[in-house]
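S.K.: Dropping in data.cif, which is mmCIF, C-alpha atoms and all ligand atoms:
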data_work
loop_
_atom_site.label_atom_id
_atom_site.label_comp_id
_atom_site.auth_asym_id
_atom_site.auth_seq_id
_atom_site.Cartn_x
_atom_site.Cartn_y
_atom_site.Cartn_z
CA MET W 1 -106.52 -9.91 12.65
CA GLU W 2 -103.74 -12.49 12.65
CA MET W 3 -100.41 -11.02 11.56
CA LYS W 4 -97.38 -13.01 10.48
CA PHE W 5 -93.95 -11.51 10.96
CA LYS W 6 -90.65 -12.69 9.53
CA ILE W 7 -87.86 -10.93 11.39
CA TYR W 8 -84.16 -10.71 10.59
CA ARG W 9 -82.09 -12.09 13.45
CA PHE W 10 -78.37 -11.84 13.97
CA ASP W 11 -76.31 -11.86 17.12
CA PRO W 12 -72.64 -11.60 16.10
CA GLU W 13 -71.63 -13.16 19.41
CA ALA W 14 -73.78 -16.26 18.91
CA ASN W 15 -74.50 -16.67 15.17
CA LYS W 16 -72.20 -17.21 12.21
CA GLU W 17 -74.86 -16.07 9.73
CA PRO W 18 -78.05 -14.05 9.96
CA TYR W 19 -81.35 -15.90 9.73
CA TYR W 20 -85.07 -15.09 9.75
CA GLN W 21 -87.45 -16.02 12.55
CA ASN W 22 -91.23 -16.28 12.20
CA TYR W 23 -93.76 -14.98 14.72
CA GLN W 24 -97.52 -14.68 14.73
CA ILE W 25 -99.67 -12.35 16.82
CA SER W 26 -103.22 -11.05 16.71
CA ALA W 27 -103.36 -7.29 16.21
CA ASP W 28 -105.88 -4.51 15.63
CA PRO W 29 -105.84 -2.76 12.26
CA SER W 30 -104.93 0.52 13.99
CA ASP W 31 -101.93 -0.97 15.84
CA ARG W 32 -98.56 0.24 14.72
CA ILE W 33 -95.87 -2.17 13.54
CA LEU W 34 -93.90 -0.98 16.59
CA ASP W 35 -96.76 -2.14 18.87
CA CYS W 36 -96.52 -5.58 17.26
CA LEU W 37 -92.76 -5.70 17.76
CA ASN W 38 -93.20 -4.73 21.41
CA ARG W 39 -95.79 -7.48 21.92
CA ILE W 40 -93.56 -10.06 20.24
CA LYS W 41 -90.69 -9.03 22.52
CA TRP W 42 -92.74 -8.81 25.72
CA GLU W 43 -94.91 -11.88 25.20
CA GLN W 44 -92.94 -14.26 22.97
CA ASP W 45 -89.23 -13.54 22.64
CA GLY W 46 -87.31 -11.27 24.98
CA THR W 47 -84.10 -11.80 23.00
CA LEU W 48 -85.33 -9.74 20.03
CA SER W 49 -83.46 -6.41 19.71
CA TYR W 50 -84.59 -3.18 18.05
CA ARG W 51 -84.49 0.51 18.90
CA MET W 52 -87.45 2.67 19.86
CA SER W 53 -88.10 5.66 22.01
CA CYS W 54 -90.82 8.22 21.30
CA GLY W 55 -93.29 5.97 19.47
CA HIS W 56 -94.57 8.99 17.53
CA GLY W 57 -92.26 9.70 14.61
CA VAL W 58 -90.09 12.18 16.52
CA CYS W 59 -86.91 10.44 17.66
CA GLY W 60 -86.14 8.53 14.44
CA SER W 61 -84.77 5.53 16.32
CA ASP W 62 -87.07 2.77 14.99
CA ALA W 63 -86.08 3.13 11.33
CA MET W 64 -85.95 -0.28 9.65
CA LYS W 65 -86.87 -2.03 6.42
CA ILE W 66 -90.54 -3.02 6.42
CA ASN W 67 -91.46 -5.23 3.49
CA GLY W 68 -88.46 -3.95 1.59
CA ARG W 69 -89.01 -0.25 2.24
CA CYS W 70 -87.19 1.91 4.80
CA ALA W 71 -89.69 3.37 7.28
CA LEU W 72 -90.36 4.10 10.95
CA ALA W 73 -92.07 1.16 12.64
CA CYS W 74 -94.10 3.61 14.75
CA GLN W 75 -95.57 5.29 11.66
CA LYS W 76 -96.72 2.17 9.83
CA LEU W 77 -100.06 0.67 10.76
CA VAL W 78 -101.06 -2.99 10.70
CA LYS W 79 -103.93 -2.25 8.29
CA GLU W 80 -101.43 -1.17 5.61
CA TYR W 81 -100.16 -4.77 5.53
CA GLU W 82 -103.45 -6.67 5.78
CA GLY W 83 -103.14 -10.16 4.32
CA GLN W 84 -99.37 -9.87 3.96
CA GLU W 85 -96.52 -11.38 5.87
CA VAL W 86 -94.53 -8.48 7.31
CA VAL W 87 -90.79 -8.82 6.82
CA LEU W 88 -88.69 -6.68 9.18
CA GLU W 89 -85.02 -6.13 8.40
CA PRO W 90 -82.33 -3.72 9.61
CA LEU W 91 -81.59 -0.53 7.67
CA PRO W 92 -79.27 -1.40 4.79
CA SER W 93 -75.74 0.05 4.47
CA TYR W 94 -74.90 -0.15 8.16
CA LYS W 95 -73.25 -2.83 10.28
CA VAL W 96 -75.76 -4.90 12.22
CA LEU W 97 -75.02 -4.81 15.95
CA LYS W 98 -77.89 -7.16 16.82
CA ASP W 99 -81.13 -8.09 14.99
CA LEU W 100 -82.70 -4.79 13.86
CA VAL W 101 -80.12 -2.56 15.57
CA VAL W 102 -77.44 -1.09 13.31
CA ASP W 103 -74.35 1.00 14.01
CA LEU W 104 -75.31 4.51 12.91
CA GLU W 105 -72.02 6.12 13.94
CA PRO W 106 -70.76 6.34 10.28
CA PHE W 107 -74.01 8.14 9.47
CA PHE W 108 -73.62 10.69 12.27
CA GLU W 109 -69.99 11.18 11.25
CA LYS W 110 -71.16 12.30 7.81
CA VAL W 111 -73.75 14.62 9.34
CA ARG W 112 -71.02 16.18 11.52
CA LEU W 113 -68.92 16.79 8.38
CA VAL W 114 -71.37 19.40 7.11
CA ARG W 115 -71.17 21.31 10.41
CA PRO W 116 -74.89 21.13 11.24
CA TYR W 117 -75.00 24.30 13.30
CA LEU W 118 -75.16 28.02 12.74
CA ILE W 119 -71.79 29.71 12.18
CA SER W 120 -71.87 33.47 12.48
CA GLU W 121 -68.96 35.86 12.51
CA THR W 122 -70.95 38.79 13.83
CA VAL W 123 -71.03 39.78 17.49
CA PRO W 124 -73.95 37.95 19.14
CA PRO W 125 -76.87 40.30 19.79
CA GLU W 126 -78.20 40.68 23.31
CA LYS W 127 -81.31 38.69 22.49
CA GLU W 128 -81.78 36.13 19.74
CA ARG W 129 -80.47 36.46 16.17
CA SER W 130 -83.48 37.38 14.11
CA GLN W 131 -84.50 35.70 10.89
CA SER W 132 -87.01 37.03 8.39
CA PRO W 133 -90.35 35.18 8.18
CA GLU W 134 -89.58 34.47 4.49
CA ASN W 135 -86.22 32.88 5.33
CA SER W 136 -87.78 30.88 8.13
CA LYS W 137 -90.49 29.64 5.74
CA GLN W 138 -87.84 28.64 3.18
CA LEU W 139 -86.26 26.37 5.79
CA ASP W 140 -89.22 25.12 7.78
CA THR W 141 -89.46 21.81 5.92
CA ALA W 142 -85.70 21.12 6.02
CA ILE W 143 -85.64 21.54 9.80
CA ARG W 144 -88.10 18.67 10.19
CA CYS W 145 -85.28 16.13 9.66
CA ILE W 146 -85.13 13.73 12.63
CA LEU W 147 -81.92 11.97 11.52
CA CYS W 148 -83.65 8.62 11.20
CA ALA W 149 -81.39 7.59 8.26
CA CYS W 150 -84.30 6.06 6.30
CA CYS W 151 -83.11 8.10 3.30
CA MET W 152 -79.55 6.79 3.69
CA GLY W 153 -80.75 3.18 3.84
CA ALA W 154 -82.93 3.70 0.76
CA CYS W 155 -80.35 5.51 -1.39
CA PRO W 156 -78.84 3.17 -4.00
CA VAL W 157 -75.70 5.32 -4.18
CA VAL W 158 -75.09 5.16 -0.40
CA ASN W 159 -75.58 1.38 -0.62
CA LYS W 160 -72.83 1.06 -3.23
CA ASN W 161 -70.42 3.81 -2.28
CA GLU W 162 -69.76 4.49 1.39
CA ARG W 163 -67.86 7.67 0.51
CA PHE W 164 -71.01 9.39 -0.83
CA ILE W 165 -72.03 11.91 1.79
CA GLY W 166 -75.69 10.96 1.33
CA PRO W 167 -79.10 12.61 1.46
CA ALA W 168 -79.57 13.48 5.15
CA PRO W 169 -76.25 15.33 5.54
CA LEU W 170 -77.15 17.25 2.37
CA VAL W 171 -80.50 18.23 3.91
CA TRP W 172 -78.62 19.60 6.94
CA ALA W 173 -76.18 21.41 4.66
CA PHE W 174 -79.15 22.94 2.76
CA ARG W 175 -80.61 24.13 6.04
CA TYR W 176 -77.49 26.20 6.85
CA ILE W 177 -76.47 27.24 3.31
CA PHE W 178 -79.77 29.08 2.99
CA ASP W 179 -80.00 30.38 6.57
CA SER W 180 -79.52 34.16 6.25
CA ARG W 181 -77.88 34.25 9.71
CA ASP W 182 -75.08 31.84 8.72
CA ASP W 183 -71.81 33.29 7.40
CA LYS W 184 -70.29 30.18 5.78
CA TYR W 185 -72.41 30.11 2.64
CA LEU W 186 -69.51 29.88 0.14
CA GLU W 187 -67.43 27.63 2.35
CA ARG W 188 -70.37 25.24 2.78
CA LEU W 189 -70.97 25.10 -0.97
CA ARG W 190 -67.29 24.59 -1.72
CA GLN W 191 -67.19 21.71 0.78
CA LEU W 192 -69.91 19.85 -1.14
CA ASP W 193 -68.47 20.44 -4.61
CA TYR W 194 -66.80 17.07 -5.19
CA PRO W 195 -67.88 13.77 -6.80
CA ASP W 196 -68.93 12.10 -3.52
CA GLY W 197 -70.47 15.32 -2.21
CA ALA W 198 -73.59 16.86 -3.73
CA TRP W 199 -72.60 15.47 -7.15
CA GLY W 200 -72.79 11.88 -5.89
CA CYS W 201 -76.58 12.07 -6.02
CA VAL W 202 -77.95 10.75 -9.28
CA ASN W 203 -81.60 11.59 -8.71
CA HIS W 204 -83.08 8.18 -7.87
CA TYR W 205 -85.59 9.99 -5.62
CA GLU W 206 -85.65 7.00 -3.21
CA CYS W 207 -84.71 9.32 -0.33
CA THR W 208 -87.69 11.56 -1.07
CA ARG W 209 -90.04 8.57 -1.34
CA VAL W 210 -89.17 7.14 2.06
CA CYS W 211 -88.63 10.28 4.18
CA PRO W 212 -91.13 10.01 7.07
CA LYS W 213 -91.14 13.79 7.46
CA GLU W 214 -92.02 14.38 3.79
CA ILE W 215 -88.93 16.45 3.14
CA PRO W 216 -88.32 16.99 -0.60
CA VAL W 217 -84.78 15.68 -0.18
CA THR W 218 -83.87 15.30 -3.87
CA LYS W 219 -85.18 18.79 -4.65
CA TYR W 220 -82.96 20.25 -1.93
CA ILE W 221 -79.92 18.35 -3.23
CA ASN W 222 -80.61 19.67 -6.72
CA THR W 223 -80.93 23.20 -5.31
CA ILE W 224 -77.49 22.82 -3.70
CA LYS W 225 -76.06 21.67 -7.05
CA GLN W 226 -77.60 24.68 -8.80
CA GLU W 227 -76.24 27.00 -6.14
CA ILE W 228 -72.75 25.53 -6.57
CA GLN W 229 -72.97 26.12 -10.33
CA LYS W 230 -74.33 29.62 -9.86
CA THR W 231 -71.51 30.67 -7.57
CA LYS W 232 -68.68 29.19 -9.61
CA GLY W 233 -66.35 31.96 -10.71
CA LYS W 234 -64.69 32.12 -14.12
CA SER W 235 -61.81 30.07 -12.71
CA GLY W 236 -64.21 27.18 -12.11
CA GLN W 237 -63.99 27.58 -8.33
CA VAL W 238 -66.99 28.12 -6.11
S1 LIG A 301 -82.05 11.32 -5.02
FE1 LIG A 301 -79.86 11.20 -4.70
S2 LIG A 301 -79.57 11.05 -2.51
FE2 LIG A 301 -81.72 10.57 -2.95
S3 LIG A 301 -81.81 8.37 -3.16
FE3 LIG A 301 -81.46 9.20 -5.17
S4 LIG A 301 -79.26 9.21 -5.46
FE4 LIG A 301 -79.66 8.96 -3.26
S1 LIG A 302 -84.15 13.52 5.50
FE1 LIG A 302 -85.98 12.39 6.11
S2 LIG A 302 -85.42 10.24 5.86
FE2 LIG A 302 -83.54 11.41 5.88
S3 LIG A 302 -82.81 11.38 7.98
FE3 LIG A 302 -84.02 13.24 7.72
S4 LIG A 302 -86.09 12.67 8.31
FE4 LIG A 302 -84.99 10.77 8.01
S1 LIG A 303 -89.99 5.44 18.04
FE1 LIG A 303 -89.36 7.50 17.74
S2 LIG A 303 -89.62 7.79 15.63
FE2 LIG A 303 -90.45 5.85 15.96
#
Before anything else, please render the file you have as structure tokens.
M.R.:
Amino acid sequence: MEMKFKIYRFDPEANKEPYYQNYQISADPSDRILDCLNRIKWEQDGTLSYRMSCGHGVCGSDAMKINGRCALACQKLVKEYEGQEVVLEPLPSYKVLKDLVVDLEPFFEKVRLVRPYLISETVPPEKERSQSPENSKQLDTAIRCILCACCMGACPVVNKNERFIGPAPLVWAFRYIFDSRDDKYLERLRQLDYPDGAWGCVNHYECTRVCPKEIPVTKYINTIKQEIQKTKGKSGQV
């Protein structure tokens, strides 16, 4: 089928303003939007910039806005857009470096804030630290996060307020708050107990709708909020 693409273009070194460029290619219904982008770049316009790596929903690097919705270009198939013009735009909320490539460093900075690694104060055992099957099951959806930032681009609060920590860092915080091997449970909760922390989320559910790994992001954020409330002492402190 013939597919029409309208792609956001911006090269800060050459353009004063962003603009949209139209392309047309023939594609199979089972082709991915990423395949189309590759063909446009290889066969029609080598100046087009976007990120990709794995091509299979694992690396998270080809997150972009596809017809207004944040998604991975390698997960969306041509047949989902039959008869439509496909508009490709960079993830919102982040500075465009070139075309569909944005600067995700502010995003990774926020992820680093929640200390996305196990912190244990016990002496390391000779072999691995064991985790109960129940605890592992409780976390097995949260650990699917590939840091694609689709949820950040889709969140209306992140779009308006760059101080809001945002959904993905909260998913990583959830993952360690509830890991029985981690010893910073209270500290982690206390760190998120501020207006632009867990409380910045106002339950739009956009993050949950767009997450390519089907992580119930909003539910986890609400669980963190409940846990903060539960552990508040009489003094009002976590
Ligand atoms: S549920 Fe919260 S974090 Fe997710 S999109 Fe809505 S406001 Fe943002
Ligand atoms: S929570 Fe989902 S949408 Fe957000 S960064 Fe992780 S995988 Fe991507
Ligand atoms: S290219 Fe890796 S997730 Fe799409």
S.K.: Taking only C-alpha atoms and all ligand atoms into account, report as number ranges by chain which residues have an atom no farther than 9 Å from an atom of ligand LIG 302 (chain A).
M.R.: W: 60, 63, 70-71, 142-154, 167-172, 207-217
S.K.: Counting only C-alpha atoms and all ligand atoms, which residues of chain W fall within 6 Å of ligand LIG 301 (chain A), and what is the closest atom pair for each with its distance in Å at one decimal, ordered by chain and rising number, as JSON lines?
M.R.:
{"residue": "W:Cys155", "atom": "CA", "partner": "A:LIG301", "partner_atom": "S3", "distance": 3.7}
{"residue": "W:Pro156", "atom": "CA", "partner": "A:LIG301", "partner_atom": "FE4", "distance": 5.9}
{"residue": "W:Val157", "atom": "CA", "partner": "A:LIG301", "partner_atom": "S4", "distance": 5.4}
{"residue": "W:Gly166", "atom": "CA", "partner": "A:LIG301", "partner_atom": "S2", "distance": 5.5}
{"residue": "W:Pro167", "atom": "CA", "partner": "A:LIG301", "partner_atom": "S2", "distance": 4.3}
{"residue": "W:Cys201", "atom": "CA", "partner": "A:LIG301", "partner_atom": "FE1", "distance": 3.6}
{"residue": "W:Val202", "atom": "CA", "partner": "A:LIG301", "partner_atom": "S4", "distance": 4.3}
{"residue": "W:Asn203", "atom": "CA", "partner": "A:LIG301", "partner_atom": "S1", "distance": 3.7}
{"residue": "W:His204", "atom": "CA", "partner": "A:LIG301", "partner_atom": "FE3", "distance": 3.3}
{"residue": "W:Tyr205", "atom": "CA", "partner": "A:LIG301", "partner_atom": "S1", "distance": 3.8}
{"residue": "W:Glu206", "atom": "CA", "partner": "A:LIG301", "partner_atom": "S3", "distance": 4.1}
{"residue": "W:Cys207", "atom": "CA", "partner": "A:LIG301", "partner_atom": "S3", "distance": 4.2}
{"residue": "W:Thr218", "atom": "CA", "partner": "A:LIG301", "partner_atom": "S1", "distance": 4.5}
S.K.: If the limit is 6 Å from any atom of ligand LIG 303 (chain A), counting only C-alpha atoms and all ligand atoms, which residues qualify? Return them as an MDAnalysis selection string.
M.R.: chainID W and resid 52:62 72:74
S.K.: Draw an axis-aligned box tight on the listed atoms of region 178-194 of chain W, then pad every side by 3 Å and write out centre and edge lengths in Å to one decimal as lines of an AutoDock Vina configuration file.
M.R.:
center_x = -73.4
center_y = 25.7
center_z = 2.3
size_x = 19.2
size_y = 23.2
size_z = 20.9
S.K.: Which residues are near Phe164 (chain W)? Cut-off 6 Å, all atoms listed in the file, ignore same chain within fewer than 4 positions. Put them as a list in words.
M.R.: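 Contacts, in chain order: Val158, Asp196 and Gly200 of chain W.
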S.K.: For each of W:Ser30, W:Asn67, W:Gln24, W:Thr223, take the minimum atom-to-atom distance to Glu43 (chain W), counting all atoms listed in the file, then give the residue where this is smallest.
M.R.: W:Gln24
S.K.: Set the distance at 9 Å and use only C-alpha atoms: which residues neighbour Gln131 (chain W) once local chain neighbours fewer than 5 positions away are removed? I'd like the list as number ranges by chain.
M.R.: W: 136, 179-181
S.K.: I'd like to know which of W:Lys76, W:Lys225, W:Lys4, W:Lys184 is closest to Ile119 (chain W), using all atoms listed in the file.
M.R.: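 Comparing W:Lys76, W:Lys225, W:Lys4, W:Lys184 against Ile119 (chain W), the winner is W:Lys184.
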S.K.: Hey, what's within 10 Å of Arg115 (chain W) if we count only C-alpha atoms and toss same-chain stuff fewer than 3 positions away? As a list of chain:residue names, please?
M.R.: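 The filter keeps W:Lys110, W:Val111, W:Arg112, W:Leu118, W:Ile119, W:Pro169, W:Trp172, W:Ala173, W:Tyr176, W:Arg188.
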S.K.: Applying 12 Å and only C-alpha atoms, which residues near Glu13 (chain W) remain after dropping the ones on its own chain fewer than 5 positions away? List them as a list in words.
M.R.: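 These residues fall inside the cut-off: Pro18, Val96, Leu97, Lys98 and Asp99 of chain W.
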S.K.: As an exercise, work out the distance from CA of Phe174 (chain W) to CA of Tyr220 (chain W) in Å and give it to one decimal place.
M.R.: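 These atoms are spaced 6.6 Å apart.
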S.K.: For region 184-222 of chain W in the structure I just supplied, write out N, CA and C atoms - as a PDB file, in the first residue's frame.
M.R.:
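Here's the written file result29.pdb:
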ATOM      1  N   LYS W 184      16.628   0.669  51.872  1.00  0.00           N
ATOM      2  CA  LYS W 184      16.370   2.112  51.914  1.00  0.00           C
ATOM      3  C   LYS W 184      14.876   2.436  51.738  1.00  0.00           C
ATOM      4  N   TYR W 185      14.063   1.492  52.172  1.00  0.00           N
ATOM      5  CA  TYR W 185      12.610   1.636  52.005  1.00  0.00           C
ATOM      6  C   TYR W 185      12.101   3.013  52.483  1.00  0.00           C
ATOM      7  N   LEU W 186      12.341   3.337  53.767  1.00  0.00           N
ATOM      8  CA  LEU W 186      11.821   4.600  54.303  1.00  0.00           C
ATOM      9  C   LEU W 186      12.469   5.810  53.643  1.00  0.00           C
ATOM     10  N   GLU W 187      13.764   5.706  53.428  1.00  0.00           N
ATOM     11  CA  GLU W 187      14.489   6.817  52.792  1.00  0.00           C
ATOM     12  C   GLU W 187      13.941   7.076  51.375  1.00  0.00           C
ATOM     13  N   ARG W 188      13.668   5.999  50.660  1.00  0.00           N
ATOM     14  CA  ARG W 188      13.153   6.140  49.291  1.00  0.00           C
ATOM     15  C   ARG W 188      11.766   6.780  49.308  1.00  0.00           C
ATOM     16  N   LEU W 189      10.930   6.368  50.267  1.00  0.00           N
ATOM     17  CA  LEU W 189       9.590   6.966  50.345  1.00  0.00           C
ATOM     18  C   LEU W 189       9.685   8.441  50.721  1.00  0.00           C
ATOM     19  N   ARG W 190      10.540   8.735  51.694  1.00  0.00           N
ATOM     20  CA  ARG W 190      10.679  10.122  52.149  1.00  0.00           C
ATOM     21  C   ARG W 190      11.130  11.016  50.987  1.00  0.00           C
ATOM     22  N   GLN W 191      12.005  10.482  50.164  1.00  0.00           N
ATOM     23  CA  GLN W 191      12.553  11.250  49.033  1.00  0.00           C
ATOM     24  C   GLN W 191      11.465  11.630  48.031  1.00  0.00           C
ATOM     25  N   LEU W 192      10.399  10.840  47.960  1.00  0.00           N
ATOM     26  CA  LEU W 192       9.349  11.110  46.964  1.00  0.00           C
ATOM     27  C   LEU W 192       8.168  11.878  47.537  1.00  0.00           C
ATOM     28  N   ASP W 193       8.226  12.174  48.836  1.00  0.00           N
ATOM     29  CA  ASP W 193       7.104  12.825  49.517  1.00  0.00           C
ATOM     30  C   ASP W 193       7.216  14.349  49.424  1.00  0.00           C
ATOM     31  N   TYR W 194       7.026  14.880  48.232  1.00  0.00           N
ATOM     32  CA  TYR W 194       7.022  16.330  48.040  1.00  0.00           C
ATOM     33  C   TYR W 194       6.161  16.634  46.807  1.00  0.00           C
ATOM     34  N   PRO W 195       5.710  17.879  46.659  1.00  0.00           N
ATOM     35  CA  PRO W 195       4.717  18.169  45.604  1.00  0.00           C
ATOM     36  C   PRO W 195       5.126  17.757  44.192  1.00  0.00           C
ATOM     37  N   ASP W 196       6.415  17.882  43.855  1.00  0.00           N
ATOM     38  CA  ASP W 196       6.852  17.485  42.510  1.00  0.00           C
ATOM     39  C   ASP W 196       7.393  16.066  42.481  1.00  0.00           C
ATOM     40  N   GLY W 197       7.242  15.355  43.600  1.00  0.00           N
ATOM     41  CA  GLY W 197       7.610  13.941  43.646  1.00  0.00           C
ATOM     42  C   GLY W 197       6.385  13.113  43.300  1.00  0.00           C
ATOM     43  N   ALA W 198       6.113  12.082  44.103  1.00  0.00           N
ATOM     44  CA  ALA W 198       4.960  11.220  43.809  1.00  0.00           C
ATOM     45  C   ALA W 198       3.662  12.024  43.742  1.00  0.00           C
ATOM     46  N   TRP W 199       3.570  13.099  44.549  1.00  0.00           N
ATOM     47  CA  TRP W 199       2.320  13.870  44.606  1.00  0.00           C
ATOM     48  C   TRP W 199       2.099  14.730  43.369  1.00  0.00           C
ATOM     49  N   GLY W 200       3.077  14.857  42.508  1.00  0.00           N
ATOM     50  CA  GLY W 200       2.900  15.635  41.275  1.00  0.00           C
ATOM     51  C   GLY W 200       1.957  14.946  40.304  1.00  0.00           C
ATOM     52  N   CYS W 201       1.836  13.634  40.444  1.00  0.00           N
ATOM     53  CA  CYS W 201       0.967  12.877  39.522  1.00  0.00           C
ATOM     54  C   CYS W 201      -0.489  13.121  39.866  1.00  0.00           C
ATOM     55  N   VAL W 202      -1.258  13.491  38.848  1.00  0.00           N
ATOM     56  CA  VAL W 202      -2.680  13.764  39.091  1.00  0.00           C
ATOM     57  C   VAL W 202      -3.573  12.758  38.359  1.00  0.00           C
ATOM     58  N   ASN W 203      -3.046  11.584  38.135  1.00  0.00           N
ATOM     59  CA  ASN W 203      -3.860  10.476  37.612  1.00  0.00           C
ATOM     60  C   ASN W 203      -4.483  10.687  36.233  1.00  0.00           C
ATOM     61  N   HIS W 204      -3.734  11.246  35.310  1.00  0.00           N
ATOM     62  CA  HIS W 204      -4.253  11.350  33.933  1.00  0.00           C
ATOM     63  C   HIS W 204      -4.248   9.993  33.224  1.00  0.00           C
ATOM     64  N   TYR W 205      -3.441   9.080  33.709  1.00  0.00           N
ATOM     65  CA  TYR W 205      -3.316   7.727  33.124  1.00  0.00           C
ATOM     66  C   TYR W 205      -2.678   7.698  31.736  1.00  0.00           C
ATOM     67  N   GLU W 206      -2.223   8.849  31.218  1.00  0.00           N
ATOM     68  CA  GLU W 206      -1.607   8.845  29.879  1.00  0.00           C
ATOM     69  C   GLU W 206      -0.379   7.938  29.853  1.00  0.00           C
ATOM     70  N   CYS W 207       0.398   7.959  30.929  1.00  0.00           N
ATOM     71  CA  CYS W 207       1.618   7.136  30.988  1.00  0.00           C
ATOM     72  C   CYS W 207       1.256   5.661  30.829  1.00  0.00           C
ATOM     73  N   THR W 208       0.209   5.245  31.518  1.00  0.00           N
ATOM     74  CA  THR W 208      -0.204   3.839  31.453  1.00  0.00           C
ATOM     75  C   THR W 208      -0.688   3.499  30.048  1.00  0.00           C
ATOM     76  N   ARG W 209      -1.405   4.428  29.415  1.00  0.00           N
ATOM     77  CA  ARG W 209      -1.935   4.167  28.064  1.00  0.00           C
ATOM     78  C   ARG W 209      -0.834   3.965  27.038  1.00  0.00           C
ATOM     79  N   VAL W 210       0.254   4.718  27.156  1.00  0.00           N
ATOM     80  CA  VAL W 210       1.267   4.644  26.093  1.00  0.00           C
ATOM     81  C   VAL W 210       2.399   3.660  26.378  1.00  0.00           C
ATOM     82  N   CYS W 211       2.547   3.188  27.596  1.00  0.00           N
ATOM     83  CA  CYS W 211       3.732   2.369  27.928  1.00  0.00           C
ATOM     84  C   CYS W 211       3.817   1.143  27.019  1.00  0.00           C
ATOM     85  N   PRO W 212       4.879   1.008  26.234  1.00  0.00           N
ATOM     86  CA  PRO W 212       4.984  -0.119  25.299  1.00  0.00           C
ATOM     87  C   PRO W 212       5.225  -1.453  26.000  1.00  0.00           C
ATOM     88  N   LYS W 213       5.542  -1.414  27.286  1.00  0.00           N
ATOM     89  CA  LYS W 213       5.764  -2.661  28.019  1.00  0.00           C
ATOM     90  C   LYS W 213       4.570  -2.994  28.920  1.00  0.00           C
ATOM     91  N   GLU W 214       3.479  -2.287  28.715  1.00  0.00           N
ATOM     92  CA  GLU W 214       2.225  -2.524  29.455  1.00  0.00           C
ATOM     93  C   GLU W 214       2.429  -2.538  30.969  1.00  0.00           C
ATOM     94  N   ILE W 215       3.198  -1.602  31.429  1.00  0.00           N
ATOM     95  CA  ILE W 215       3.408  -1.461  32.877  1.00  0.00           C
ATOM     96  C   ILE W 215       2.262  -0.597  33.434  1.00  0.00           C
ATOM     97  N   PRO W 216       1.612  -1.034  34.509  1.00  0.00           N
ATOM     98  CA  PRO W 216       0.527  -0.218  35.073  1.00  0.00           C
ATOM     99  C   PRO W 216       1.098   0.967  35.860  1.00  0.00           C
ATOM    100  N   VAL W 217       1.658   1.912  35.132  1.00  0.00           N
ATOM    101  CA  VAL W 217       2.462   2.983  35.736  1.00  0.00           C
ATOM    102  C   VAL W 217       1.665   3.759  36.792  1.00  0.00           C
ATOM    103  N   THR W 218       0.453   4.183  36.434  1.00  0.00           N
ATOM    104  CA  THR W 218      -0.338   5.009  37.368  1.00  0.00           C
ATOM    105  C   THR W 218      -0.644   4.218  38.643  1.00  0.00           C
ATOM    106  N   LYS W 219      -0.948   2.950  38.488  1.00  0.00           N
ATOM    107  CA  LYS W 219      -1.240   2.107  39.658  1.00  0.00           C
ATOM    108  C   LYS W 219      -0.023   2.063  40.594  1.00  0.00           C
ATOM    109  N   TYR W 220       1.165   1.939  40.012  1.00  0.00           N
ATOM    110  CA  TYR W 220       2.364   1.898  40.853  1.00  0.00           C
ATOM    111  C   TYR W 220       2.580   3.234  41.564  1.00  0.00           C
ATOM    112  N   ILE W 221       2.308   4.340  40.840  1.00  0.00           N
ATOM    113  CA  ILE W 221       2.497   5.653  41.473  1.00  0.00           C
ATOM    114  C   ILE W 221       1.514   5.783  42.645  1.00  0.00           C
ATOM    115  N   ASN W 222       0.276   5.332  42.422  1.00  0.00           N
ATOM    116  CA  ASN W 222      -0.707   5.408  43.503  1.00  0.00           C
ATOM    117  C   ASN W 222      -0.316   4.507  44.678  1.00  0.00           C
TER     118      ASN W 222
END
